[in-house]
>>> print(open('start02.txt').read())   # compact mmCIF, C-alpha atoms
# COMPACT_ATOMS: atom_id res chain seq x y z
CA MET G 1 -26.06 -12.57 12.19
CA ALA G 2 -28.10 -10.42 9.88
CA SER G 3 -28.39 -11.53 6.28
CA HIS G 4 -27.70 -8.00 4.98
CA ARG G 5 -24.16 -7.89 6.31
CA PHE G 6 -21.10 -7.18 4.22
CA GLN G 7 -18.89 -10.22 3.77
CA VAL G 8 -16.43 -11.73 1.34
CA GLU G 9 -17.30 -14.93 -0.46
CA PHE G 10 -14.43 -17.34 -1.00
CA SER G 11 -14.24 -19.91 -3.74
CA GLU G 12 -10.73 -20.63 -5.01
CA VAL G 13 -9.58 -17.03 -4.49
CA PRO G 14 -7.32 -16.78 -1.43
CA GLN G 15 -6.32 -13.34 -0.19
CA TRP G 16 -3.06 -12.69 1.67
CA LEU G 17 -1.06 -10.19 3.66
CA GLU G 18 2.25 -10.17 5.46
CA LEU G 19 1.72 -10.03 9.20
CA ALA G 20 3.72 -11.27 12.19
CA LEU G 21 1.86 -12.45 15.28
CA PRO G 22 3.71 -13.36 18.47
CA PRO G 23 3.40 -16.89 19.92
CA GLY G 24 0.51 -15.68 22.15
CA PHE G 25 -2.39 -14.39 20.02
CA THR G 26 -6.14 -14.36 19.47
CA ILE G 27 -8.01 -14.89 16.19
CA GLU G 28 -11.72 -14.19 15.84
CA LEU G 29 -13.98 -14.36 12.81
CA TRP G 30 -17.50 -15.00 11.60
CA MET G 31 -17.89 -17.79 9.07
CA ARG G 32 -20.76 -19.16 7.01
CA PRO G 33 -19.67 -22.39 5.30
CA THR G 34 -21.59 -23.51 2.24
CA ALA G 35 -21.91 -26.99 0.82
CA GLY G 36 -18.57 -27.37 -0.82
CA PRO G 37 -15.68 -29.72 -1.46
CA SER G 38 -15.50 -32.90 0.60
CA GLY G 39 -11.89 -32.23 1.67
CA ASP G 40 -10.33 -29.76 4.08
CA GLN G 41 -11.04 -26.07 3.50
CA VAL G 42 -8.47 -23.50 4.65
CA ILE G 43 -9.89 -20.56 6.59
CA LEU G 44 -6.53 -18.96 7.52
CA ALA G 45 -2.97 -20.20 7.02
CA LYS G 46 0.34 -18.58 7.95
CA GLY G 47 3.15 -20.36 6.14
CA SER G 48 4.27 -23.33 8.21
CA GLU G 49 3.43 -21.53 11.49
CA TYR G 50 -0.29 -22.28 11.84
CA GLU G 51 -3.44 -23.19 9.97
CA LEU G 52 -7.15 -22.84 10.74
CA LEU G 53 -9.40 -24.99 8.58
CA LEU G 54 -12.78 -26.62 8.23
CA ASN G 55 -12.26 -30.36 7.82
CA SER G 56 -14.32 -32.79 5.75
CA SER G 57 -16.50 -33.52 8.82
CA ARG G 58 -17.31 -29.76 9.05
CA LYS G 59 -15.26 -29.48 12.26
CA VAL G 60 -12.86 -26.61 12.89
CA GLU G 61 -9.15 -27.52 13.19
CA PHE G 62 -6.27 -25.40 14.42
CA SER G 63 -2.72 -26.69 14.05
CA THR G 64 0.84 -25.49 14.19
CA SER G 65 3.95 -26.86 12.55
CA GLY G 66 5.13 -29.97 14.33
CA GLY G 67 2.05 -30.37 16.50
CA SER G 68 -1.19 -32.31 16.58
CA PRO G 69 -4.30 -30.34 15.58
CA ILE G 70 -6.90 -29.10 18.03
CA ILE G 71 -10.24 -30.27 16.54
CA SER G 72 -13.66 -28.99 17.54
CA VAL G 73 -16.18 -31.39 18.99
CA SER G 74 -19.02 -29.58 17.21
CA ALA G 75 -19.58 -29.67 13.47
CA LEU G 76 -20.60 -26.44 11.76
CA THR G 77 -23.92 -26.17 9.96
CA PHE G 78 -23.82 -25.18 6.30
CA ASN G 79 -25.39 -21.82 5.37
CA GLU G 80 -25.45 -20.54 8.97
CA TRP G 81 -23.15 -17.95 10.54
CA HIS G 82 -20.78 -19.18 13.26
CA HIS G 83 -18.34 -17.20 15.40
CA ILE G 84 -14.96 -18.98 15.50
CA GLY G 85 -12.29 -18.03 18.00
CA ILE G 86 -8.78 -19.20 18.76
CA ARG G 87 -6.96 -18.08 21.90
CA ARG G 88 -3.33 -19.23 22.10
CA THR G 89 -0.91 -18.60 24.97
CA GLU G 90 2.80 -17.98 24.46
CA VAL G 91 3.54 -21.59 25.45
CA GLY G 92 1.05 -23.06 22.98
CA ASN G 93 -2.08 -23.71 25.06
CA VAL G 94 -5.02 -23.30 22.68
CA SER G 95 -8.71 -22.72 23.36
CA LEU G 96 -11.04 -23.14 20.36
CA TYR G 97 -14.45 -21.49 20.62
CA ILE G 98 -17.55 -21.86 18.49
CA ASN G 99 -20.32 -19.29 18.97
CA GLY G 100 -18.78 -18.10 22.24
CA GLU G 101 -18.58 -21.55 23.83
CA LEU G 102 -15.33 -23.36 24.56
CA ASP G 103 -15.49 -26.35 22.20
CA ALA G 104 -11.98 -27.83 22.34
CA SER G 105 -8.60 -27.15 23.91
CA GLY G 106 -5.12 -28.57 23.83
CA THR G 107 -1.48 -27.72 23.36
CA THR G 108 0.28 -26.99 20.10
CA ALA G 109 3.95 -26.60 19.29
CA SER G 110 5.01 -22.99 19.68
CA GLY G 111 7.18 -21.46 17.06
CA ALA G 112 8.79 -18.19 16.12
CA SER G 113 6.75 -15.47 14.50
CA SER G 114 7.67 -14.43 10.99
CA GLU G 115 6.58 -12.05 8.28
CA SER G 116 5.46 -14.94 6.06
CA ALA G 117 2.20 -14.44 4.21
CA LEU G 118 -1.07 -14.93 6.05
CA TYR G 119 -3.58 -16.44 3.63
CA ILE G 120 -7.30 -15.91 4.10
CA GLY G 121 -9.78 -18.27 2.43
CA GLY G 122 -7.25 -20.74 1.01
CA THR G 123 -3.66 -21.24 0.01
CA PRO G 124 -2.01 -21.11 -3.42
CA GLY G 125 -2.35 -24.52 -4.99
CA GLY G 126 -4.07 -25.79 -1.86
CA SER G 127 -7.55 -26.10 -0.45
CA TYR G 128 -10.05 -23.26 -0.56
CA LEU G 129 -12.92 -22.24 1.64
CA SER G 130 -16.40 -22.51 0.22
CA GLY G 131 -18.32 -19.94 2.19
CA ASP G 132 -18.30 -16.42 3.58
CA LEU G 133 -16.06 -14.73 6.13
CA ASP G 134 -16.63 -11.49 8.01
CA GLU G 135 -15.23 -9.51 10.95
CA ILE G 136 -11.83 -11.21 11.00
CA ARG G 137 -9.82 -9.88 13.95
CA LEU G 138 -6.17 -10.71 14.62
CA TRP G 139 -4.76 -9.73 18.01
CA ASN G 140 -1.08 -9.81 18.97
CA LYS G 141 -1.94 -10.95 22.49
CA TYR G 142 -3.77 -13.73 24.29
CA ARG G 143 -7.03 -11.98 25.13
CA SER G 144 -8.80 -12.78 28.38
CA GLU G 145 -11.95 -14.85 28.18
CA GLU G 146 -13.96 -11.81 29.30
CA GLU G 147 -12.53 -9.65 26.47
CA PHE G 148 -13.08 -12.43 23.98
CA ILE G 149 -16.71 -13.20 24.94
CA MET G 150 -17.58 -9.49 24.85
CA ASP G 151 -16.78 -9.43 21.11
CA VAL G 152 -18.81 -12.55 20.34
CA ASN G 153 -22.04 -10.91 21.41
CA ASN G 154 -21.37 -7.31 20.35
CA HIS G 155 -20.32 -5.69 17.11
CA ARG G 156 -17.80 -3.15 18.35
CA SER G 157 -15.98 -0.44 16.55
CA TYR G 158 -12.23 -0.63 17.11
CA ARG G 159 -11.57 2.87 15.88
CA ARG G 160 -12.47 6.24 17.34
CA TYR G 161 -11.94 9.35 15.24
CA GLY G 162 -9.70 7.30 12.94
CA ASP G 163 -7.46 6.08 15.79
CA VAL G 164 -7.28 2.46 16.90
CA ILE G 165 -8.73 1.94 20.38
CA ASP G 166 -6.73 -1.20 21.27
CA PRO G 167 -3.12 -1.34 20.02
CA ALA G 168 -3.12 -5.17 20.34
CA LEU G 169 -5.51 -5.38 17.38
CA VAL G 170 -3.16 -5.77 14.41
CA ALA G 171 -5.73 -6.50 11.68
CA PHE G 172 -9.49 -6.12 11.44
CA PHE G 173 -11.50 -7.03 8.36
CA ASP G 174 -15.16 -6.17 8.65
CA PHE G 175 -15.46 -5.86 4.86
CA ASP G 176 -17.26 -2.57 5.02
CA ASP G 177 -14.03 -0.95 6.32
CA THR G 178 -10.81 -3.01 6.38
CA TRP G 179 -7.87 -1.93 8.50
CA VAL G 180 -4.36 -3.38 8.89
CA LYS G 181 -1.81 -1.97 11.34
CA GLU G 182 1.41 -0.91 9.66
CA SER G 183 4.59 -2.53 10.92
CA SER G 184 7.09 -0.17 12.45
CA SER G 185 10.76 -1.00 12.40
CA SER G 186 13.04 0.78 14.79
>>> encode(input="start02.txt", output="structure tokens")
Amino acid sequence: MASHRFQVEFSEVPQWLELALPPGFTIELWMRPTAGPSGDQVILAKGSEYELLLNSSRKVEFSTSGGSPIISVSALTFNEWHHIGIRRTEVGNVSLYINGELDASGTTASGASSESALYIGGTPGGSYLSGDLDEIRLWNKYRSEEEFIMDVNNHRSYRRYGDVIDPALVAFFDFDDTWVKESSSS
């Protein structure tokens, strides 16, 4: 990743939005952890539904309420960019990727989706990420491995003439142009 990229630095300042993802979803982001606290650092957390964090061993963990965490085999290197990806099926099968490579997999408890707050970079009164995040993409579907890997190696635009190209993309934060899909109630 180029060093001149736009990103958001997190240090005890979590950001949040209300967003419902179905049980099957995909999360992708670029992360550059910096030497920080010795405890767990929250990357993303959605109420009691799920949490993505960097643990004290610098390994990525994904967990859902009532389930055991999926923990990466690889530890992240401080001050280097890493692509992190989570692909979760509707029945809770999770694939955790680091830099486009499958690093860990397992099954988590599946729960109902809600409009509870999605926190980015920490939780109120909880642990905070020390580092930078960029190109956070939240998909309301389990993306195929081919679709997923294509985004690891290419910076793609998800909008054409102001319209979203893929309706399954519900939030995209590239920090030089943030976009969140509005909920429609019918």
>>> closest_residue(input="start02.txt", among="G:Thr123, G:Ser57, G:Ser144, G:Thr64", to="Val42 of chain G", atoms="only C-alpha atoms")
G:Thr123
>>> atom_distance(input="start02.txt", atom1="atom CA of Asp103 of chain G", atom2="atom CA of Gln41 of chain G")
19.2 Å
>>> closest_residue(input="start02.txt", among="G:Leu44, G:Ala117, G:Leu52, G:Leu102", to="Pro69 of chain G", atoms="only C-alpha atoms")
G:Leu52
>>> closest_residue(input="start02.txt", among="G:Ile70, G:Ile98, G:Ile86, G:Leu53", to="Asp40 of chain G", atoms="all atoms listed in the file")
G:Leu53
>>> residues_around(input="start02.txt", residues="Phe78 of chain G", least_positions_apart="6", cutoff="12 Å", atoms="only C-alpha atoms", output="ChimeraX atom specification")
/G:31-36,54,57-59,130-132
>>> closest_residue(input="start02.txt", among="G:His83, G:Thr108, G:Gly125, G:Gly39", to="Ser95 of chain G", atoms="only C-alpha atoms")
G:Thr108
